[in-house]
Amino acid sequence: KFTTNDHTDLYNCLKNAKGKWLLSYSDCSWIRDTYKEFNMLKIKRYDTIHLAKNNNSRRLKIDLLFANYKLDVFDMPLFAADNKVKLET
């Protein structure tokens with residue numbers, strides 16, 4: 001399991017990276033605050049992993065994508081083509 005120190009080490013590594021990077025996290029205020037200097041895209045989607053366990057009930061999940069370059073919905077056809085996924089910048 002990632003500790004707070006692990007998350008901080010990852011952030012420090014990424015902020016000093018020379019190349020492009022893209023990072024995905026579950027939504028939480030600490031992560032939003034930590035990566036606030038980078039571009040962010042919020043993805044709202046239904047979690048289908050737990051369908052069999054929960055009588056086919058779907059849970060709305062919010063994921064965050066962070067990058068050190070401009071994130072454009074049109075550059076992500078996998079998400080843009082899926083009408084069950086909502087993207088927000």
# chains A, B, ... in the order shown; residues from 1 in each chain; ligands from 1
call {"tool": "residues_around", "arguments": {"residues": "segment 22-30 of chain A", "least_positions_apart": "4", "cutoff": "8 Å", "atoms": "only C-alpha atoms", "output": "mmCIF file with all heavy atoms, in the first residue's frame"}}
result
data_model
loop_
_atom_site.group_PDB
_atom_site.id
_atom_site.type_symbol
_atom_site.label_atom_id
_atom_site.label_comp_id
_atom_site.auth_asym_id
_atom_site.auth_seq_id
_atom_site.Cartn_x
_atom_site.Cartn_y
_atom_site.Cartn_z
ATOM 1 N N THR A 34 -2.165 18.422 -3.989
ATOM 2 C CA THR A 34 -0.766 18.093 -4.268
ATOM 3 C C THR A 34 -0.397 18.369 -5.722
ATOM 4 O O THR A 34 0.662 18.927 -6.006
ATOM 5 C CB THR A 34 -0.489 16.612 -3.925
ATOM 6 O OG1 THR A 34 -0.769 16.402 -2.536
ATOM 7 C CG2 THR A 34 0.940 16.230 -4.220
ATOM 8 N N ILE A 62 -15.238 8.688 -9.639
ATOM 9 C CA ILE A 62 -14.550 9.848 -10.205
ATOM 10 C C ILE A 62 -13.053 9.595 -10.138
ATOM 11 O O ILE A 62 -12.504 9.333 -9.071
ATOM 12 C CB ILE A 62 -14.910 11.147 -9.458
ATOM 13 C CG1 ILE A 62 -16.405 11.403 -9.571
ATOM 14 C CG2 ILE A 62 -14.100 12.324 -10.009
ATOM 15 C CD1 ILE A 62 -16.896 12.579 -8.772
ATOM 16 N N ASP A 63 -12.435 9.634 -11.299
ATOM 17 C CA ASP A 63 -10.988 9.502 -11.408
ATOM 18 C C ASP A 63 -10.423 10.826 -11.899
ATOM 19 O O ASP A 63 -11.106 11.603 -12.564
ATOM 20 C CB ASP A 63 -10.600 8.407 -12.399
ATOM 21 C CG ASP A 63 -10.977 7.017 -11.912
ATOM 22 O OD1 ASP A 63 -10.862 6.765 -10.696
ATOM 23 O OD2 ASP A 63 -11.387 6.189 -12.735
ATOM 24 N N LEU A 64 -9.181 11.062 -11.567
ATOM 25 C CA LEU A 64 -8.490 12.275 -12.000
ATOM 26 C C LEU A 64 -7.276 11.890 -12.820
ATOM 27 O O LEU A 64 -6.529 10.982 -12.461
ATOM 28 C CB LEU A 64 -8.026 13.084 -10.784
ATOM 29 C CG LEU A 64 -9.099 13.477 -9.781
ATOM 30 C CD1 LEU A 64 -8.451 14.115 -8.554
ATOM 31 C CD2 LEU A 64 -10.114 14.406 -10.407
ATOM 32 N N LEU A 65 -7.103 12.572 -13.939
ATOM 33 C CA LEU A 65 -5.890 12.433 -14.734
ATOM 34 C C LEU A 65 -5.094 13.714 -14.577
ATOM 35 O O LEU A 65 -5.642 14.812 -14.709
ATOM 36 C CB LEU A 65 -6.217 12.223 -16.212
ATOM 37 C CG LEU A 65 -6.950 10.952 -16.598
ATOM 38 C CD1 LEU A 65 -7.188 10.932 -18.106
ATOM 39 C CD2 LEU A 65 -6.186 9.719 -16.168
ATOM 40 N N PHE A 66 -3.821 13.586 -14.271
ATOM 41 C CA PHE A 66 -2.918 14.724 -14.170
ATOM 42 C C PHE A 66 -1.816 14.541 -15.201
ATOM 43 O O PHE A 66 -1.382 13.420 -15.466
ATOM 44 C CB PHE A 66 -2.276 14.793 -12.779
ATOM 45 C CG PHE A 66 -3.245 15.087 -11.681
ATOM 46 C CD1 PHE A 66 -3.796 14.059 -10.943
ATOM 47 C CD2 PHE A 66 -3.612 16.386 -11.388
ATOM 48 C CE1 PHE A 66 -4.694 14.317 -9.921
ATOM 49 C CE2 PHE A 66 -4.512 16.660 -10.367
ATOM 50 C CZ PHE A 66 -5.048 15.620 -9.636
ATOM 51 N N ALA A 67 -1.363 15.658 -15.767
ATOM 52 C CA ALA A 67 -0.283 15.592 -16.745
ATOM 53 C C ALA A 67 0.520 16.885 -16.714
ATOM 54 O O ALA A 67 0.019 17.935 -16.307
ATOM 55 C CB ALA A 67 -0.848 15.371 -18.145
ATOM 56 N N ASN A 68 1.747 16.786 -17.191
ATOM 57 C CA ASN A 68 2.583 17.980 -17.299
ATOM 58 C C ASN A 68 2.509 18.567 -18.711
ATOM 59 O O ASN A 68 3.401 19.262 -19.147
ATOM 60 C CB ASN A 68 4.032 17.667 -16.905
ATOM 61 C CG ASN A 68 4.690 16.651 -17.808
ATOM 62 O OD1 ASN A 68 4.030 15.973 -18.603
ATOM 63 N ND2 ASN A 68 6.003 16.527 -17.685
#
call {"tool": "atom_distance", "arguments": {"atom1": "atom CA of Thr4 of chain A", "atom2": "atom CA of Asn16 of chain A"}}
result
18.7 Å
call {"tool": "atom_distance", "arguments": {"atom1": "atom CA of Tyr11 of chain A", "atom2": "atom CA of Arg59 of chain A"}}
result
28.7 Å
